[in-house]
>>> print(open('structure.tsv').read())   # TSV, C-alpha atoms and all ligand atoms
chain	number	residue	atom	x	y	z
A	1	MET	CA	-78.88	35.79	-66.13
A	2	SER	CA	-76.14	33.24	-66.66
A	3	LEU	CA	-75.97	30.75	-63.84
A	4	THR	CA	-73.35	28.18	-63.00
A	5	ALA	CA	-74.78	25.08	-61.40
A	6	PRO	CA	-73.15	24.19	-58.10
A	7	ALA	CA	-70.87	21.18	-58.02
A	8	SER	CA	-72.99	18.21	-57.07
A	9	PRO	CA	-71.72	15.09	-55.44
A	10	ASN	CA	-71.16	12.12	-57.68
A	11	PHE	CA	-74.05	9.64	-57.54
A	12	ASN	CA	-71.59	7.17	-56.00
A	13	CYS	CA	-69.83	9.74	-53.81
A	14	ALA	CA	-67.65	7.84	-51.36
A	15	LEU	CA	-66.31	10.74	-49.32
A	16	CYS	CA	-68.22	9.35	-46.33
A	17	PRO	CA	-67.43	5.63	-46.26
A	18	ARG	CA	-70.16	4.75	-43.76
A	19	LEU	CA	-72.84	6.52	-45.80
A	20	ALA	CA	-71.55	5.03	-49.04
A	21	GLY	CA	-71.81	1.59	-47.47
A	22	PHE	CA	-75.33	2.32	-46.24
A	23	ARG	CA	-76.22	3.43	-49.78
A	24	VAL	CA	-75.06	0.12	-51.22
A	25	GLU	CA	-77.18	-1.71	-48.68
A	26	ASN	CA	-80.20	0.46	-49.45
A	27	ARG	CA	-79.86	-0.13	-53.18
A	28	ARG	CA	-80.24	-3.80	-52.42
A	29	LEU	CA	-83.09	-3.43	-49.92
A	30	LEU	CA	-84.96	-0.60	-51.70
A	31	PRO	CA	-84.25	-1.27	-55.37
A	32	ASP	CA	-87.01	1.09	-56.53
A	33	GLY	CA	-85.59	3.97	-54.54
A	34	PHE	CA	-83.31	6.82	-55.61
A	35	ASN	CA	-80.57	5.83	-53.16
A	36	GLY	CA	-78.02	8.51	-53.95
A	37	PRO	CA	-76.93	11.97	-52.81
A	38	VAL	CA	-80.17	13.93	-53.11
A	39	PRO	CA	-79.83	16.97	-55.38
A	40	SER	CA	-81.17	20.36	-54.35
A	41	PHE	CA	-84.56	21.47	-55.63
A	42	GLY	CA	-85.67	24.92	-56.74
A	43	PRO	CA	-84.35	27.78	-58.85
A	44	LEU	CA	-80.77	28.95	-58.40
A	45	THR	CA	-82.04	32.52	-58.75
A	46	ALA	CA	-84.07	32.22	-55.53
A	47	PRO	CA	-83.39	34.58	-52.64
A	48	LEU	CA	-84.04	31.89	-50.02
A	49	LEU	CA	-82.18	28.63	-49.41
A	50	ILE	CA	-83.83	26.18	-47.02
A	51	VAL	CA	-81.31	23.87	-45.37
A	52	GLY	CA	-82.49	20.58	-43.91
A	53	LEU	CA	-80.47	17.95	-42.12
A	54	ALA	CA	-80.29	14.88	-44.35
A	55	PRO	CA	-82.58	12.74	-46.51
A	56	GLY	CA	-84.92	10.36	-44.75
A	57	LEU	CA	-84.58	6.71	-45.71
A	58	ARG	CA	-88.06	6.40	-47.19
A	59	GLY	CA	-88.43	10.10	-47.86
A	60	ALA	CA	-85.93	12.01	-49.96
A	61	ASN	CA	-83.56	9.07	-50.18
A	62	PHE	CA	-86.34	7.06	-51.79
A	63	THR	CA	-87.92	9.73	-53.97
A	64	GLY	CA	-84.80	11.72	-54.88
A	65	ARG	CA	-86.27	15.16	-54.05
A	66	PRO	CA	-85.54	16.97	-50.78
A	67	PHE	CA	-88.21	16.54	-48.09
A	68	THR	CA	-90.40	14.54	-50.44
A	69	GLY	CA	-92.14	11.41	-49.22
A	70	ASP	CA	-92.00	11.69	-45.47
A	71	TYR	CA	-93.73	13.52	-42.64
A	72	ALA	CA	-91.32	16.46	-42.57
A	73	GLY	CA	-92.09	17.06	-46.23
A	74	ASP	CA	-95.83	17.18	-45.59
A	75	LEU	CA	-95.27	20.13	-43.25
A	76	LEU	CA	-92.62	21.89	-45.27
A	77	TYR	CA	-94.39	21.74	-48.64
A	78	ALA	CA	-97.67	22.78	-47.02
A	79	ALA	CA	-95.92	25.86	-45.65
A	80	LEU	CA	-94.23	26.59	-48.98
A	81	LEU	CA	-97.57	26.38	-50.80
A	82	ASN	CA	-99.28	28.45	-48.14
A	83	PHE	CA	-96.71	31.25	-48.21
A	84	GLY	CA	-96.31	31.55	-51.97
A	85	PHE	CA	-93.01	29.71	-52.33
A	86	ALA	CA	-94.54	26.88	-54.36
A	87	SER	CA	-97.35	26.05	-56.73
A	88	GLY	CA	-99.16	22.83	-57.50
A	89	VAL	CA	-100.45	20.04	-55.32
A	90	TYR	CA	-97.87	18.27	-53.20
A	91	ALA	CA	-98.27	14.51	-53.54
A	92	ALA	CA	-95.06	13.20	-51.96
A	93	THR	CA	-93.43	12.33	-55.27
A	94	PRO	CA	-91.12	14.27	-57.61
A	95	ARG	CA	-93.72	13.64	-60.32
A	96	ASP	CA	-96.37	15.73	-58.53
A	97	GLY	CA	-95.43	18.79	-60.60
A	98	VAL	CA	-94.82	21.06	-57.61
A	99	GLN	CA	-92.73	24.05	-58.62
A	100	LEU	CA	-90.79	26.23	-56.23
A	101	PHE	CA	-90.66	30.01	-56.44
A	102	HIS	CA	-88.25	32.26	-54.59
A	103	CYS	CA	-86.72	29.33	-52.74
A	104	ARG	CA	-84.46	26.35	-53.14
A	105	ILE	CA	-84.17	23.38	-50.79
A	106	THR	CA	-81.04	21.46	-49.90
A	107	ASN	CA	-79.66	19.36	-47.06
A	108	ALA	CA	-76.56	19.79	-44.92
A	109	VAL	CA	-75.82	16.12	-45.59
A	110	ARG	CA	-76.83	14.81	-49.00
A	111	CYS	CA	-76.92	11.09	-48.23
A	112	VAL	CA	-79.25	9.28	-45.88
A	113	PRO	CA	-77.53	8.37	-42.62
A	114	PRO	CA	-78.47	5.35	-40.49
A	115	GLN	CA	-81.05	6.32	-37.84
A	116	ASN	CA	-81.15	9.84	-39.34
A	117	LYS	CA	-77.92	10.63	-37.49
A	118	PRO	CA	-74.94	11.80	-39.49
A	119	THR	CA	-71.63	11.88	-37.64
A	120	PRO	CA	-69.81	15.19	-37.08
A	121	GLN	CA	-67.23	14.06	-39.64
A	122	GLU	CA	-69.92	13.38	-42.24
A	123	ILE	CA	-71.48	16.80	-41.65
A	124	THR	CA	-68.09	18.41	-42.07
A	125	THR	CA	-67.29	16.40	-45.19
A	126	CYS	CA	-70.52	17.26	-46.98
A	127	ARG	CA	-70.25	20.95	-46.07
A	128	CYS	CA	-68.29	21.64	-49.24
A	129	PHE	CA	-71.45	20.95	-51.26
A	130	LEU	CA	-73.53	23.23	-49.04
A	131	ALA	CA	-70.97	26.01	-49.45
A	132	GLN	CA	-70.99	25.55	-53.22
A	133	GLU	CA	-74.76	25.62	-53.22
A	134	MET	CA	-74.77	29.02	-51.53
A	135	ALA	CA	-72.06	30.34	-53.80
A	136	ALA	CA	-74.05	29.33	-56.89
A	137	MET	CA	-77.08	31.42	-55.90
A	138	PRO	CA	-76.38	34.97	-57.09
A	139	GLY	CA	-79.49	36.48	-55.49
A	140	LEU	CA	-79.23	34.65	-52.18
A	141	ARG	CA	-80.50	36.86	-49.36
A	142	ALA	CA	-81.73	34.45	-46.73
A	143	LEU	CA	-81.18	31.01	-45.27
A	144	LEU	CA	-83.78	29.05	-43.35
A	145	CYS	CA	-82.05	26.40	-41.28
A	146	LEU	CA	-84.23	23.57	-40.06
A	147	GLY	CA	-82.67	22.33	-36.84
A	148	ARG	CA	-79.46	22.96	-35.00
A	149	ILE	CA	-77.25	20.71	-37.10
A	150	SER	CA	-78.14	22.39	-40.38
A	151	HIS	CA	-77.81	25.77	-38.68
A	152	ASP	CA	-74.34	24.98	-37.34
A	153	SER	CA	-73.19	23.62	-40.68
A	154	ALA	CA	-74.52	26.65	-42.56
A	155	VAL	CA	-72.81	29.01	-40.11
A	156	LYS	CA	-69.51	27.22	-40.64
A	157	ALA	CA	-70.02	27.17	-44.40
A	158	LEU	CA	-70.37	30.95	-44.20
A	159	GLY	CA	-67.05	31.17	-42.37
A	160	LEU	CA	-68.62	32.31	-39.10
A	161	ARG	CA	-68.12	31.09	-35.56
A	162	ALA	CA	-71.00	29.34	-33.80
A	163	LYS	CA	-71.16	32.08	-31.15
A	164	ASP	CA	-71.65	34.70	-33.88
A	165	ALA	CA	-75.06	33.25	-34.68
A	166	PRO	CA	-76.34	30.82	-32.03
A	167	PHE	CA	-79.20	28.52	-32.95
A	168	GLY	CA	-82.64	29.18	-31.54
A	169	HIS	CA	-86.11	28.54	-32.89
A	170	GLY	CA	-87.38	31.78	-34.36
A	171	ALA	CA	-83.94	33.41	-34.22
A	172	VAL	CA	-83.11	35.88	-36.97
A	173	HIS	CA	-79.44	36.67	-37.55
A	174	ARG	CA	-78.74	39.59	-39.84
A	175	LEU	CA	-75.19	38.97	-40.96
A	176	ALA	CA	-72.64	41.54	-42.01
A	177	SER	CA	-72.54	39.97	-45.47
A	178	GLY	CA	-76.14	41.07	-46.01
A	179	LEU	CA	-77.53	37.55	-45.65
A	180	THR	CA	-80.21	36.88	-43.06
A	181	LEU	CA	-80.27	33.55	-41.31
A	182	TYR	CA	-83.58	32.28	-39.93
A	183	ASP	CA	-83.87	29.31	-37.60
A	184	SER	CA	-86.63	26.83	-36.98
A	185	TYR	CA	-86.80	23.59	-35.14
A	186	HIS	CA	-86.80	20.79	-37.68
A	187	CYS	CA	-90.29	19.92	-38.92
A	188	SER	CA	-89.81	16.24	-38.08
A	189	ARG	CA	-92.56	13.95	-36.92
A	190	TYR	CA	-90.85	13.68	-33.53
A	191	ASN	CA	-90.73	17.45	-33.00
A	192	THR	CA	-94.33	17.97	-34.01
A	193	ASN	CA	-95.67	14.95	-32.10
A	194	THR	CA	-93.93	16.12	-28.94
A	195	GLY	CA	-95.10	19.71	-29.35
A	196	VAL	CA	-91.57	21.04	-29.73
A	197	LEU	CA	-92.72	22.54	-33.03
A	198	THR	CA	-96.32	23.48	-33.73
A	199	SER	CA	-97.68	24.54	-37.08
A	200	GLN	CA	-98.21	28.03	-35.63
A	201	MET	CA	-94.52	28.21	-34.66
A	202	PHE	CA	-93.48	27.03	-38.10
A	203	ASP	CA	-95.79	29.50	-39.83
A	204	ALA	CA	-94.45	32.35	-37.71
A	205	VAL	CA	-90.97	31.74	-39.10
A	206	PHE	CA	-92.27	31.86	-42.66
A	207	GLU	CA	-94.25	35.02	-41.89
A	208	LYS	CA	-91.01	36.76	-40.93
A	209	ILE	CA	-89.24	35.56	-44.07
A	210	VAL	CA	-92.07	36.57	-46.36
A	211	ALA	CA	-92.24	40.02	-44.77
A	212	ASP	CA	-88.48	40.54	-45.03
A	213	LEU	CA	-88.18	39.26	-48.59
A	214	LYS	CA	-91.43	40.94	-49.59
A	215	ILE	CA	-92.61	37.76	-51.22
A	216	GLY	CA	-96.11	38.14	-52.48
A	217	SER	CA	-96.27	36.82	-55.97
A	218	ARG	CA	-95.46	33.67	-57.89
A	219	GLU	CA	-93.99	35.19	-60.97
A	220	SER	CA	-90.54	33.73	-60.43
A	221	GLU	CA	-89.20	31.11	-62.76
A	222	PRO	CA	-90.03	27.49	-62.12
A	223	ALA	CA	-87.63	24.99	-60.55
B	1	LIG	S1	-72.92	12.87	-47.42
B	1	LIG	FE1	-72.08	14.25	-48.97
B	1	LIG	S2	-69.84	14.05	-48.88
B	1	LIG	FE2	-70.77	12.29	-47.77
B	1	LIG	S3	-70.89	10.64	-49.29
B	1	LIG	FE3	-72.86	11.75	-49.37
B	1	LIG	S4	-72.62	13.32	-50.93
B	1	LIG	FE4	-70.57	12.56	-50.43
>>> encode(input="structure.tsv", output="structure tokens", more="lines below")
Ligand code: SF4
Amino acid sequence: MSLTAPASPNFNCALCPRLAGFRVENRRLLPDGFNGPVPSFGPLTAPLLIVGLAPGLRGANFTGRPFTGDYAGDLLYAALLNFGFASGVYAATPRDGVQLFHCRITNAVRCVPPQNKPTPQEITTCRCFLAQEMAAMPGLRALLCLGRISHDSAVKALGLRAKDAPFGHGAVHRLASGLTLYDSYHCSRYNTNTGVLTSQMFDAVFEKIVADLKIGSRESEPA
């Protein structure tokens, strides 16, 4: 299969001036970090795209791989390994050799925002990259949106209205296009520490996805 890689933001993308300024500051304060728009991870042929919010300062922003290096990543990669979407041993670094199968991970906003809070304008501005990501996946059948912001941005990227597919943990929206959109609360430390999201709740979302996609093997190509 011939695949066209989605357009990725320039490493010095300045479409969001506040985030570009924060990036410059982080390159000075965290000189060993990645400190750029974090590229997506996983095969373009995957049927599932997982959409997070934005890189964490000392997580994906530092390591350069989505959800890698912070608490949210511990939960997400554990679930991916548990449900057959990944192989290897997750060690919070892009050098851990983890490979993804049947899924790809991206973020609604590619650059780390101060206090983990992108502005509505920044979410809108970065949506073009999310839309291109979806368009570049020829076998895309499902989206898993982690949190309301990534859900809302994905819905808009699909050209839908928010009321067509309202966010709710555990919600499953079967869209006319054939795509299915799954929602989960974000697997952040805050949500798990406060009991908003338990590991059982998170697993239940993956159980639905695995059943729908009939994922049961790891024969897919590596990331
Ligand atoms: S968040 Fe997206 S659009 Fe904004 S500066 Fe980063 S890569 Fe560019």
>>> residues_around(input="structure.tsv", residues="Gly56 (chain A)", least_positions_apart="5", cutoff="8 Å", atoms="all atoms listed in the file", output="MDAnalysis selection string")
chainID A and resid 61:62 67 70 112:113 116
>>> residues_near_ligand(input="structure.tsv", ligand="ligand LIG 1 (chain B)", cutoff="12 Å", atoms="only C-alpha atoms and all ligand atoms", output="PyMOL selection string")
chain A and resi 7-24+35-40+53-55+61+106-114+116-131
>>> residues_around(input="structure.tsv", residues="Thr198 (chain A)", least_positions_apart="3", cutoff="12 Å", atoms="only C-alpha atoms", output="VMD selection string")
chain A and resid 75 169 184 to 195 201 to 205
>>> closest_residue(input="structure.tsv", among="A:Arg58, A:Glu133, A:Asp32, A:Gly52", to="Arg148 (chain A)", atoms="all atoms listed in the file")
A:Gly52
>>> atom_distance(input="structure.tsv", atom1="CA of Phe83 (chain A)", atom2="CA of Ala136 (chain A)")
24.3 Å
